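Participant: File name entry_16.cif; file contents mmCIF, C-alpha atoms; full text below.
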data_start
loop_
_atom_site.label_atom_id
_atom_site.label_comp_id
_atom_site.auth_asym_id
_atom_site.auth_seq_id
_atom_site.Cartn_x
_atom_site.Cartn_y
_atom_site.Cartn_z
CA MET R 1 18.35 7.92 24.86
CA GLU R 2 21.86 6.51 24.58
CA GLY R 3 25.10 7.72 23.02
CA GLY R 4 24.21 11.39 22.62
CA GLY R 5 20.80 10.85 21.05
CA SER R 6 21.18 7.37 19.58
CA ILE R 7 19.12 4.32 20.52
CA ASP R 8 19.62 0.57 20.38
CA VAL R 9 16.16 -0.80 19.60
CA ASP R 10 15.11 -3.86 17.63
CA HIS R 11 12.19 -2.40 15.70
CA GLN R 12 11.52 -5.85 14.21
CA ALA R 13 10.95 -7.44 17.62
CA PRO R 14 7.35 -8.56 18.25
CA ASP R 15 7.05 -6.31 21.30
CA PHE R 16 8.08 -3.21 19.34
CA ILE R 17 5.74 -4.05 16.47
CA ALA R 18 2.82 -4.67 18.82
CA ARG R 19 3.40 -1.29 20.52
CA ARG R 20 4.85 0.57 17.54
CA HIS R 21 2.41 3.47 17.58
CA ASP R 22 3.25 4.24 21.20
CA ARG R 23 6.95 3.75 20.52
CA TYR R 24 6.85 6.04 17.47
CA GLY R 25 5.02 8.60 19.60
CA GLU R 26 7.74 8.45 22.27
CA LEU R 27 10.46 8.94 19.65
CA ARG R 28 8.55 11.75 17.94
CA GLU R 29 8.27 13.62 21.25
CA ARG R 30 11.82 13.01 22.52
CA CYS R 31 13.99 12.76 19.40
CA PRO R 32 12.08 12.65 16.11
CA VAL R 33 15.25 12.06 14.04
CA VAL R 34 17.28 9.47 15.91
CA PHE R 35 20.08 7.05 15.04
CA ASN R 36 19.30 3.41 15.79
CA GLN R 37 22.39 1.23 16.22
CA ARG R 38 20.63 -2.01 15.24
CA TYR R 39 20.96 -3.73 11.85
CA GLY R 40 24.15 -1.91 10.93
CA GLY R 41 22.81 1.49 12.00
CA PHE R 42 20.11 3.66 10.44
CA TRP R 43 18.09 6.81 11.12
CA MET R 44 14.47 6.63 12.32
CA VAL R 45 12.30 9.63 11.38
CA THR R 46 8.90 9.98 13.05
CA ASP R 47 7.67 13.60 12.99
CA TYR R 48 5.55 15.10 10.21
CA GLU R 49 7.93 17.93 9.26
CA SER R 50 11.00 15.69 8.92
CA VAL R 51 9.18 12.85 7.14
CA ALA R 52 7.76 15.37 4.66
CA ALA R 53 11.22 16.89 4.12
CA VAL R 54 12.67 13.47 3.27
CA ALA R 55 9.74 12.61 1.00
CA ARG R 56 10.02 15.85 -0.99
CA ASP R 57 13.77 15.65 -1.59
CA ASN R 58 14.31 12.77 -4.01
CA GLU R 59 17.79 13.93 -4.96
CA THR R 60 19.11 13.83 -1.40
CA PHE R 61 17.15 10.79 -0.24
CA ALA R 62 17.26 8.13 -2.93
CA HIS R 63 14.67 5.41 -3.46
CA LYS R 64 16.74 3.20 -5.70
CA TYR R 65 17.92 -0.29 -4.87
CA GLU R 66 21.48 -0.54 -6.16
CA PRO R 67 23.76 -2.34 -3.66
CA ASP R 68 26.83 -2.02 -5.91
CA ALA R 69 26.47 1.47 -7.34
CA ASP R 70 29.39 3.05 -9.21
CA ASP R 71 29.50 6.05 -6.86
CA GLY R 72 30.48 3.90 -3.89
CA ILE R 73 27.13 4.05 -2.07
CA SER R 74 25.17 0.90 -1.34
CA TYR R 75 21.63 2.06 -2.12
CA HIS R 76 19.27 0.19 0.18
CA GLY R 77 15.95 0.70 -1.62
CA ILE R 78 12.63 1.24 0.16
CA CYS R 79 11.64 -2.17 1.51
CA GLY R 80 12.57 -2.09 5.17
CA ILE R 81 15.46 -2.82 7.53
CA PRO R 82 16.65 -5.46 7.10
CA ARG R 83 15.44 -5.75 3.53
CA PRO R 84 13.53 -9.04 3.09
CA PRO R 85 15.59 -11.35 0.87
CA TYR R 86 12.57 -12.53 -1.15
CA VAL R 87 11.59 -9.02 -2.32
CA PRO R 88 12.71 -8.25 -5.90
CA ARG R 89 13.73 -4.78 -7.04
CA MET R 90 10.46 -2.84 -7.06
CA GLY R 91 10.36 -1.44 -10.57
CA VAL R 92 8.64 1.94 -10.27
CA SER R 93 9.43 2.56 -6.62
CA GLU R 94 13.15 1.76 -6.59
CA ILE R 95 14.54 3.86 -9.43
CA ASP R 96 15.39 7.56 -9.52
CA GLY R 97 16.33 10.39 -11.87
CA PRO R 98 15.45 10.63 -15.60
CA GLU R 99 14.60 6.92 -15.75
CA HIS R 100 11.98 7.33 -13.03
CA ALA R 101 10.62 10.54 -14.56
CA ASP R 102 10.20 8.89 -17.99
CA LEU R 103 8.49 5.88 -16.45
CA ARG R 104 6.06 8.08 -14.50
CA ARG R 105 5.19 9.95 -17.70
CA LEU R 106 4.51 6.63 -19.39
CA LEU R 107 2.24 5.31 -16.63
CA ASN R 108 0.50 8.48 -15.48
CA PRO R 109 -2.10 8.54 -18.30
CA TYR R 110 -3.47 5.22 -17.02
CA MET R 111 -3.76 6.54 -13.46
CA THR R 112 -5.28 10.03 -13.75
CA PRO R 113 -8.58 10.75 -11.95
CA ARG R 114 -10.25 11.28 -15.33
CA MET R 115 -9.07 7.92 -16.64
CA VAL R 116 -10.04 6.17 -13.41
CA GLU R 117 -13.50 7.76 -13.55
CA ARG R 118 -13.93 6.31 -17.03
CA GLN R 119 -13.49 2.90 -15.41
CA ARG R 120 -16.17 3.54 -12.78
CA PRO R 121 -18.89 1.47 -14.53
CA ARG R 122 -16.54 -1.51 -14.55
CA MET R 123 -15.66 -0.94 -10.88
CA GLU R 124 -19.36 -0.80 -10.04
CA ALA R 125 -20.07 -4.00 -11.94
CA VAL R 126 -17.25 -5.94 -10.29
CA SER R 127 -18.17 -4.68 -6.81
CA ALA R 128 -21.87 -5.49 -7.30
CA TRP R 129 -21.15 -9.04 -8.47
CA PHE R 130 -18.89 -9.95 -5.56
CA LEU R 131 -21.41 -8.55 -3.08
CA ASP R 132 -24.13 -10.54 -4.85
CA GLN R 133 -22.21 -13.72 -4.03
CA ILE R 134 -22.63 -13.13 -0.28
CA VAL R 135 -25.83 -11.15 0.38
CA GLU R 136 -28.20 -14.13 0.56
CA ALA R 137 -26.08 -16.06 3.05
CA GLY R 138 -25.97 -13.42 5.78
CA VAL R 139 -22.41 -14.46 6.59
CA ALA R 140 -19.11 -13.70 4.84
CA ASP R 141 -15.50 -12.73 5.27
CA LEU R 142 -15.39 -9.13 4.11
CA VAL R 143 -11.65 -9.31 3.46
CA LEU R 144 -11.43 -12.62 1.61
CA ASP R 145 -14.81 -12.48 -0.12
CA TYR R 146 -14.93 -8.81 -1.06
CA ALA R 147 -12.10 -6.41 -0.15
CA THR R 148 -9.49 -8.69 -1.70
CA PRO R 149 -11.09 -9.78 -5.00
CA VAL R 150 -12.46 -6.43 -6.18
CA PRO R 151 -9.10 -4.55 -6.30
CA ALA R 152 -7.40 -7.71 -7.58
CA VAL R 153 -9.72 -7.97 -10.58
CA LEU R 154 -9.42 -4.27 -11.40
CA THR R 155 -5.63 -4.28 -11.04
CA LEU R 156 -5.19 -7.26 -13.36
CA GLU R 157 -7.46 -5.64 -15.94
CA LEU R 158 -5.40 -2.45 -15.79
CA MET R 159 -2.36 -4.57 -16.60
CA GLY R 160 -4.28 -6.34 -19.39
CA MET R 161 -4.11 -9.70 -17.62
CA GLU R 162 -6.82 -12.34 -17.25
CA SER R 163 -8.88 -11.09 -14.30
CA SER R 164 -10.81 -14.32 -13.71
CA ASN R 165 -7.47 -15.61 -12.39
CA TRP R 166 -7.52 -13.00 -9.62
CA LYS R 167 -7.34 -15.49 -6.75
CA HIS R 168 -4.05 -16.95 -7.98
CA TYR R 169 -2.36 -13.55 -7.70
CA ALA R 170 -4.25 -12.29 -4.66
CA ASP R 171 -3.43 -15.38 -2.62
CA PHE R 172 0.26 -14.97 -3.36
CA PHE R 173 0.63 -11.27 -2.55
CA HIS R 174 -1.79 -11.45 0.37
CA ALA R 175 0.17 -14.33 1.93
CA THR R 176 3.55 -12.59 1.71
CA SER R 177 2.12 -9.57 3.57
CA SER R 178 -0.28 -11.16 6.03
CA TYR R 179 1.49 -14.17 7.54
CA GLU R 180 4.51 -14.52 9.80
CA PRO R 181 7.71 -15.79 8.09
CA GLY R 182 7.42 -19.06 10.01
CA ASP R 183 3.84 -19.68 8.88
CA PRO R 184 3.54 -22.53 6.32
CA ARG R 185 1.29 -20.31 4.18
CA PHE R 186 4.02 -17.67 4.05
CA ARG R 187 6.70 -20.24 3.17
CA SER R 188 4.48 -21.74 0.49
CA ALA R 189 3.93 -18.32 -1.11
CA VAL R 190 7.62 -17.37 -1.03
CA ALA R 191 8.49 -20.72 -2.62
CA ARG R 192 6.30 -19.69 -5.58
CA ARG R 193 8.10 -16.37 -6.06
CA ASP R 194 10.17 -17.47 -9.07
CA ASP R 195 7.12 -19.02 -10.71
CA MET R 196 5.14 -15.80 -10.22
CA TRP R 197 8.01 -13.79 -11.68
CA ALA R 198 8.10 -16.12 -14.69
CA GLU R 199 4.35 -15.76 -15.20
CA LEU R 200 4.57 -11.97 -15.30
CA ALA R 201 7.55 -12.14 -17.66
CA GLY R 202 5.63 -14.56 -19.87
CA PHE R 203 2.66 -12.20 -20.11
CA ALA R 204 4.99 -9.33 -21.04
CA ALA R 205 6.42 -11.49 -23.85
CA TYR R 206 2.89 -12.28 -24.99
CA ARG R 207 2.03 -8.57 -25.13
CA ARG R 208 5.02 -7.88 -27.38
CA ASP R 209 3.39 -10.06 -30.01
CA ASN R 210 -0.21 -9.23 -29.09
CA PRO R 211 -0.37 -5.54 -28.13
CA ALA R 212 -3.46 -3.96 -26.60
CA ASP R 213 -4.46 -0.79 -24.78
CA ASP R 214 -3.07 -1.63 -21.35
CA VAL R 215 -0.17 -0.93 -19.02
CA THR R 216 1.82 -4.02 -19.98
CA THR R 217 1.76 -3.09 -23.67
CA ALA R 218 2.95 0.40 -22.76
CA LEU R 219 5.87 -1.09 -20.82
CA VAL R 220 7.06 -3.52 -23.49
CA SER R 221 7.01 -0.80 -26.17
CA ALA R 222 8.44 2.01 -24.04
CA VAL R 223 11.62 4.00 -24.47
CA ILE R 224 12.85 5.05 -21.02
CA ASP R 225 15.84 7.37 -20.64
CA GLY R 226 16.71 6.73 -24.29
CA ARG R 227 16.50 2.92 -24.30
CA ALA R 228 14.07 0.03 -24.20
CA LEU R 229 13.45 -1.63 -20.85
CA SER R 230 15.05 -5.02 -20.21
CA ASP R 231 12.88 -8.07 -19.55
CA ASP R 232 13.80 -8.01 -15.85
CA GLU R 233 13.00 -4.31 -15.57
CA ILE R 234 9.59 -4.80 -17.16
CA THR R 235 8.82 -7.73 -14.89
CA GLY R 236 9.94 -5.78 -11.82
CA ILE R 237 7.63 -2.89 -12.73
CA MET R 238 4.75 -5.30 -13.29
CA TRP R 239 5.45 -6.91 -9.93
CA ASN R 240 5.46 -3.51 -8.23
CA LEU R 241 2.18 -2.44 -9.83
CA VAL R 242 0.35 -5.72 -9.27
CA ALA R 243 1.49 -6.02 -5.64
CA GLY R 244 0.60 -2.39 -4.94
CA GLY R 245 -2.79 -2.61 -6.61
CA LEU R 246 -3.78 -5.84 -4.93
CA ASP R 247 -2.85 -5.23 -1.32
CA THR R 248 -2.92 -1.52 -0.53
CA THR R 249 -6.54 -0.79 -1.52
CA THR R 250 -7.59 -4.03 0.15
CA SER R 251 -5.87 -2.94 3.37
CA LEU R 252 -7.44 0.52 3.30
CA VAL R 253 -10.96 -0.78 2.69
CA SER R 254 -10.54 -3.53 5.28
CA TRP R 255 -9.49 -1.13 8.04
CA GLY R 256 -12.24 1.28 7.04
CA LEU R 257 -14.81 -1.50 7.33
CA HIS R 258 -13.35 -2.52 10.68
CA HIS R 259 -13.67 1.02 12.00
CA LEU R 260 -17.26 1.34 10.80
CA GLY R 261 -18.10 -2.10 12.17
CA THR R 262 -16.83 -1.13 15.61
CA ASN R 263 -17.97 2.51 15.64
CA HIS R 264 -21.66 2.37 14.85
CA ASP R 265 -22.28 6.10 15.13
CA ASP R 266 -19.79 6.75 12.33
CA ARG R 267 -21.34 3.97 10.27
CA SER R 268 -24.82 5.45 10.72
CA ARG R 269 -23.54 8.88 9.67
CA LEU R 270 -22.10 7.51 6.43
CA ILE R 271 -25.25 5.52 5.66
CA GLU R 272 -27.36 8.62 6.19
CA ASP R 273 -24.92 10.94 4.40
CA PRO R 274 -22.88 9.09 1.74
CA GLY R 275 -21.37 12.44 0.78
CA LEU R 276 -19.07 12.05 3.80
CA ILE R 277 -17.47 8.88 2.45
CA GLY R 278 -14.75 10.80 0.62
CA ALA R 279 -13.66 12.56 3.82
CA ALA R 280 -13.86 9.26 5.72
CA VAL R 281 -11.51 7.59 3.22
CA GLU R 282 -8.99 10.39 3.70
CA GLU R 283 -9.20 9.92 7.46
CA PHE R 284 -8.75 6.16 7.16
CA LEU R 285 -5.70 6.85 5.01
CA ARG R 286 -4.30 9.16 7.67
CA PHE R 287 -5.08 7.04 10.69
CA TYR R 288 -4.21 3.59 9.32
CA SER R 289 -1.65 4.52 6.62
CA PRO R 290 -1.65 1.11 4.84
CA SER R 291 1.91 1.68 3.61
CA GLU R 292 3.36 2.35 7.05
CA THR R 293 7.06 2.90 6.38
CA LEU R 294 9.79 3.00 3.77
CA THR R 295 13.55 3.47 3.67
CA ARG R 296 15.78 5.76 1.65
CA THR R 297 19.53 6.26 1.23
CA ALA R 298 21.23 9.64 1.70
CA THR R 299 23.17 10.72 -1.40
CA ARG R 300 24.99 13.55 0.41
CA ASP R 301 25.66 14.90 3.88
CA VAL R 302 22.55 16.74 5.09
CA GLU R 303 21.01 18.11 8.26
CA LEU R 304 17.56 16.82 9.17
CA GLY R 305 15.69 17.73 12.32
CA GLY R 306 18.86 19.12 13.84
CA ARG R 307 20.80 15.89 13.24
CA GLN R 308 23.68 15.38 10.80
CA ILE R 309 23.02 12.58 8.33
CA ARG R 310 26.00 11.34 6.31
CA ARG R 311 26.25 10.29 2.69
CA GLY R 312 25.31 6.61 2.41
CA ASP R 313 23.27 6.52 5.63
CA VAL R 314 19.97 4.64 5.50
CA VAL R 315 16.90 6.60 6.60
CA PHE R 316 13.72 4.91 7.83
CA ILE R 317 10.61 7.11 7.65
CA SER R 318 7.25 6.28 9.20
CA TRP R 319 4.24 7.63 7.34
CA VAL R 320 1.91 6.48 10.09
CA ALA R 321 3.96 8.24 12.79
CA ALA R 322 3.93 11.46 10.76
CA ASN R 323 0.19 11.11 10.23
CA HIS R 324 -0.30 10.86 14.00
CA ASP R 325 1.78 13.96 14.79
CA PRO R 326 -0.34 16.05 17.21
CA SER R 327 1.44 19.24 16.15
CA VAL R 328 -0.22 18.87 12.74
CA PHE R 329 -3.47 16.98 13.39
CA ASP R 330 -5.88 17.96 16.14
CA GLY R 331 -7.03 14.81 17.90
CA ALA R 332 -4.41 12.86 15.97
CA GLY R 333 -5.02 9.67 17.95
CA GLU R 334 -8.70 9.40 17.04
CA VAL R 335 -10.62 8.85 13.81
CA ARG R 336 -12.71 11.84 12.73
CA ILE R 337 -14.57 10.90 9.56
CA ASP R 338 -15.48 14.54 8.87
CA ARG R 339 -11.97 15.98 9.35
CA ALA R 340 -12.05 19.13 7.22
CA VAL R 341 -8.31 19.67 6.65
CA ASN R 342 -6.37 16.46 6.19
CA LYS R 343 -2.86 16.90 4.76
CA HIS R 344 -1.88 13.32 5.48
CA LEU R 345 1.19 11.69 3.97
CA ALA R 346 -0.32 8.25 3.33
CA PHE R 347 0.46 8.52 -0.40
CA GLY R 348 3.83 10.18 0.11
CA LEU R 349 4.97 13.48 -1.42
CA GLY R 350 7.03 14.70 -4.34
CA GLY R 351 8.15 12.82 -7.40
CA HIS R 352 7.68 9.39 -5.83
CA ARG R 353 4.16 10.07 -4.56
CA CYS R 354 1.99 6.95 -4.97
CA ILE R 355 1.22 6.67 -8.67
CA GLY R 356 -2.00 4.77 -7.99
CA SER R 357 -3.47 7.21 -5.45
CA SER R 358 -6.44 8.15 -7.64
CA ILE R 359 -7.28 4.50 -8.18
CA ALA R 360 -7.06 3.75 -4.46
CA ARG R 361 -9.25 6.72 -3.53
CA ILE R 362 -12.01 6.08 -6.06
CA GLU R 363 -12.10 2.31 -5.57
CA SER R 364 -12.18 2.69 -1.79
CA GLN R 365 -14.98 5.25 -1.82
CA LEU R 366 -17.05 3.08 -4.14
CA MET R 367 -16.42 -0.12 -2.18
CA LEU R 368 -17.23 1.35 1.23
CA GLY R 369 -20.41 2.88 -0.17
CA ASP R 370 -21.50 -0.41 -1.72
CA VAL R 371 -20.94 -2.38 1.49
CA LEU R 372 -22.89 0.15 3.56
CA ARG R 373 -25.75 0.09 1.07
CA CYS R 374 -25.94 -3.69 0.64
CA VAL R 375 -24.89 -5.20 3.99
CA GLY R 376 -24.77 -2.09 6.16
CA ASP R 377 -25.75 -3.80 9.39
CA TYR R 378 -22.77 -6.19 9.35
CA GLN R 379 -21.41 -7.32 12.70
CA ILE R 380 -17.73 -8.29 12.98
CA ASP R 381 -16.77 -11.47 14.79
CA LEU R 382 -14.06 -9.80 16.86
CA ASP R 383 -12.89 -13.15 18.24
CA THR R 384 -11.72 -14.24 14.79
CA PHE R 385 -10.86 -10.84 13.29
CA THR R 386 -7.16 -11.04 12.33
CA PRO R 387 -4.92 -8.07 11.46
CA TYR R 388 -1.53 -8.42 9.80
CA PRO R 389 1.04 -9.63 12.31
CA GLY R 390 4.65 -8.49 12.43
CA ASN R 391 4.73 -6.29 9.33
CA LEU R 392 6.19 -2.76 9.54
CA LEU R 393 5.92 -2.11 5.80
CA MET R 394 2.19 -2.66 5.47
CA THR R 395 -0.78 -2.70 7.79
CA GLY R 396 -3.77 -4.74 6.74
CA VAL R 397 -6.30 -7.38 7.69
CA VAL R 398 -5.92 -11.12 7.13
CA SER R 399 -9.53 -12.06 7.83
CA MET R 400 -12.75 -10.32 8.97
CA PRO R 401 -15.72 -12.70 9.37
CA VAL R 402 -19.08 -10.91 9.65
CA THR R 403 -22.78 -11.61 9.90
CA PHE R 404 -25.57 -9.41 8.54
CA THR R 405 -29.23 -9.48 7.56
CA PRO R 406 -29.60 -11.63 4.41
CA THR R 407 -31.13 -9.97 1.36
CA ALA R 408 -32.00 -11.02 -2.18
CA ARG R 409 -29.40 -10.84 -4.89
CA SER R 410 -29.50 -7.85 -7.21
CA GLY R 411 -28.88 -9.99 -10.28
CA ALA R 412 -25.54 -8.37 -11.04
CA THR R 413 -23.96 -9.59 -14.28
CA ASP R 414 -21.03 -11.98 -14.02
CA PRO R 415 -17.99 -9.74 -14.76
CA PHE R 416 -16.09 -12.70 -16.21
CA ALA R 417 -18.81 -13.83 -18.63
CA ARG R 418 -17.72 -13.91 -22.25
#
Here is the file; what I need is its structure written in the form of structure tokens.
Facilitator:
Amino acid sequence: MEGGGSIDVDHQAPDFIARRHDRYGELRERCPVVFNQRYGGFWMVTDYESVAAVARDNETFAHKYEPDADDGISYHGICGIPRPPYVPRMGVSEIDGPEHADLRRLLNPYMTPRMVERQRPRMEAVSAWFLDQIVEAGVADLVLDYATPVPAVLTLELMGMESSNWKHYADFFHATSSYEPGDPRFRSAVARRDDMWAELAGFAAYRRDNPADDVTTALVSAVIDGRALSDDEITGIMWNLVAGGLDTTTSLVSWGLHHLGTNHDDRSRLIEDPGLIGAAVEEFLRFYSPSETLTRTATRDVELGGRQIRRGDVVFISWVAANHDPSVFDGAGEVRIDRAVNKHLAFGLGGHRCIGSSIARIESQLMLGDVLRCVGDYQIDLDTFTPYPGNLLMTGVVSMPVTFTPTARSGATDPFAR
């Protein structure tokens, strides 16, 4: 430690990212709330108790992105340090106060466990069809051919959008998360950002004239904090929801499939006892924490973990570090698919807790169960397996080629047939 408990560490450097779990563990043990002098200075928070304290206190630790706020604070938002320049204001995630509360009340009815369960037959149909496209071949990419399209289709349908166009949206959001900034695929996706924004805005305009029972219609007709939402606000919320729905469930399912493909005893247990899949999903959430980190801005002076944080300071919290805290989780560094008590923070806490958590849980349980039932003997080509590189915000899988015993198709109905 330097400077009385501060550090000077480039957490965006490839070496830090490659070893981040060890580095977070070192910080959690030595100084779990520590000031990092890099990138203008910010606090890194890595222990469970302190991360949970920040997550619960939305008034002290703001989510909003408002660089030129009237109160003199430059609110950083949640999207990392430094904040990527291509990321728009994330509509649901980067607002606070009455506006955020009203928006949550508007969206919550579409995200409740009861409402999600009503969509289970559709989830089952979509999952069955995409698996049907691969079972005869005995070879597939479980990320690109299955774990990506299923959540993409279901997310677009929640929004009321044309789900047969899933690949157009999935390719964009997958590329911005899964490739290095210098990769041509990343640059190509970022170059399409304005076009993607315009497409979402265009669909919102269409829903004003052609309302239906979907999230987009609710947004364009909403009154939030006493006023209608602007076009940019609606588009930002749509962007937030589509991006979150497409990539987070995909990442969770992908890492779960990777674990089961490399830990055959656990896979056999779930095949023999599908009732354990729910607990396994919770453990995959804890261990992998697809949304790894976020940032907040302090609205007042406050003590955290014995350190004095000042008004306007930026605070970086690591969900995955908190979820690996050995003072809270026995055997924190290993996956236990039957972990009985699992108070992980993968979905956050408090008023900003992940609004789509019920969707992610139910979709993931269904998808893992379907894969184990249909292609349960899959073998991962570990030489070509590719996780996300260089991304502290999200952890996921770019590609996971597998082989398995071919079987006959089930005859699942085309989910896009009219």
Participant: Give as a PyMOL selection string the residues that the PyMOL selection byres ((chain R and resi 353-364) around 9) matches when applied to the coordinates above.
Facilitator: chain R and resi 55-56+92-93+104+107-108+111-113+116-117+120+123+150-151+241+244-245+248-250+252-253+256+278+281-282+346-352+365-369
Participant: Here is a test: counting only C-alpha atoms, which residue of R:Ala321, R:Leu158, R:Leu294, R:Ala340 is nearest to Asp213 (chain R)?
Facilitator: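 The answer is R:Leu158, which sits nearest to Asp213 (chain R).
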Participant: In Å, with one decimal, what is the gap from CA of Gln379 (chain R) to CA of Pro406 (chain R)?
Facilitator: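 One can read the CA of Gln379 (chain R) to CA of Pro406 (chain R) distance as 12.4 Å.
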Participant: Evaluate the PyMOL selection byres ((chain R and resi 261-263) around 12) here and jot the selected residues down as a PyMOL selection string.
Facilitator: chain R and resi 142+253-260+264-270+334-337+368+371-372+375-382+385+400-404
Participant: Counting only C-alpha atoms, which residue out of R:Tyr169, R:Phe42, R:Trp129, R:Tyr288 sits closest to Asp195 (chain R)?
Facilitator: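 The closest residue to Asp195 (chain R) is R:Tyr169.
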Participant: In Å, how far is it from CA of Val398 (chain R) to CA of Ser177 (chain R)?
Facilitator: 8.9 Å
Participant: Around the point (3.3, 4.8, 11.2) in the file's coordinates, collect all residues with an atom within 9 Å, using only C-alpha atoms, and return them as a VMD selection string.
Facilitator: chain R and resid 20 to 21 24 46 287 to 293 317 to 324 392
Participant: Keeping C-alpha atoms, export the residues of the selection given above as a short mmCIF file (atom, residue, chain, number, x, y, z; two decimals), keeping the file's coordinate frame.
Facilitator:
data_model
loop_
_atom_site.label_atom_id
_atom_site.label_comp_id
_atom_site.auth_asym_id
_atom_site.auth_seq_id
_atom_site.Cartn_x
_atom_site.Cartn_y
_atom_site.Cartn_z
CA ARG R 20 4.85 0.57 17.54
CA HIS R 21 2.41 3.47 17.58
CA TYR R 24 6.85 6.04 17.47
CA THR R 46 8.90 9.98 13.05
CA PHE R 287 -5.08 7.04 10.69
CA TYR R 288 -4.21 3.59 9.32
CA SER R 289 -1.65 4.52 6.62
CA PRO R 290 -1.65 1.11 4.84
CA SER R 291 1.91 1.68 3.61
CA GLU R 292 3.36 2.35 7.05
CA THR R 293 7.06 2.90 6.38
CA ILE R 317 10.61 7.11 7.65
CA SER R 318 7.25 6.28 9.20
CA TRP R 319 4.24 7.63 7.34
CA VAL R 320 1.91 6.48 10.09
CA ALA R 321 3.96 8.24 12.79
CA ALA R 322 3.93 11.46 10.76
CA ASN R 323 0.19 11.11 10.23
CA HIS R 324 -0.30 10.86 14.00
CA LEU R 392 6.19 -2.76 9.54
#
Participant: As an exercise, work out the distance from CA of Arg193 (chain R) to CA of Gly396 (chain R) in Å and give it to one decimal place.
Facilitator: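 Separating CA of Arg193 (chain R) from CA of Gly396 (chain R) is a distance of 21.0 Å.
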Participant: Using all atoms listed in the file, determine which residues lie at most 8 Å from Asp370 (chain R), disregarding the query and same-chain residues fewer than 4 positions distant; provide the list as a ChimeraX atom specification.
Facilitator: /R:127-128,366,374
Participant: Write to file, as a PDB file, keeping the file's coordinate frame, the residues of the selection just made, with C-alpha atoms.
Facilitator:
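Final output, saved to selection_15.pdb:
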ATOM      1  CA  SER R 127     -18.170  -4.680  -6.810  1.00  0.00           C
ATOM      2  CA  ALA R 128     -21.870  -5.490  -7.300  1.00  0.00           C
ATOM      3  CA  LEU R 366     -17.050   3.080  -4.140  1.00  0.00           C
ATOM      4  CA  CYS R 374     -25.940  -3.690   0.640  1.00  0.00           C
TER       5      CYS R 374
END
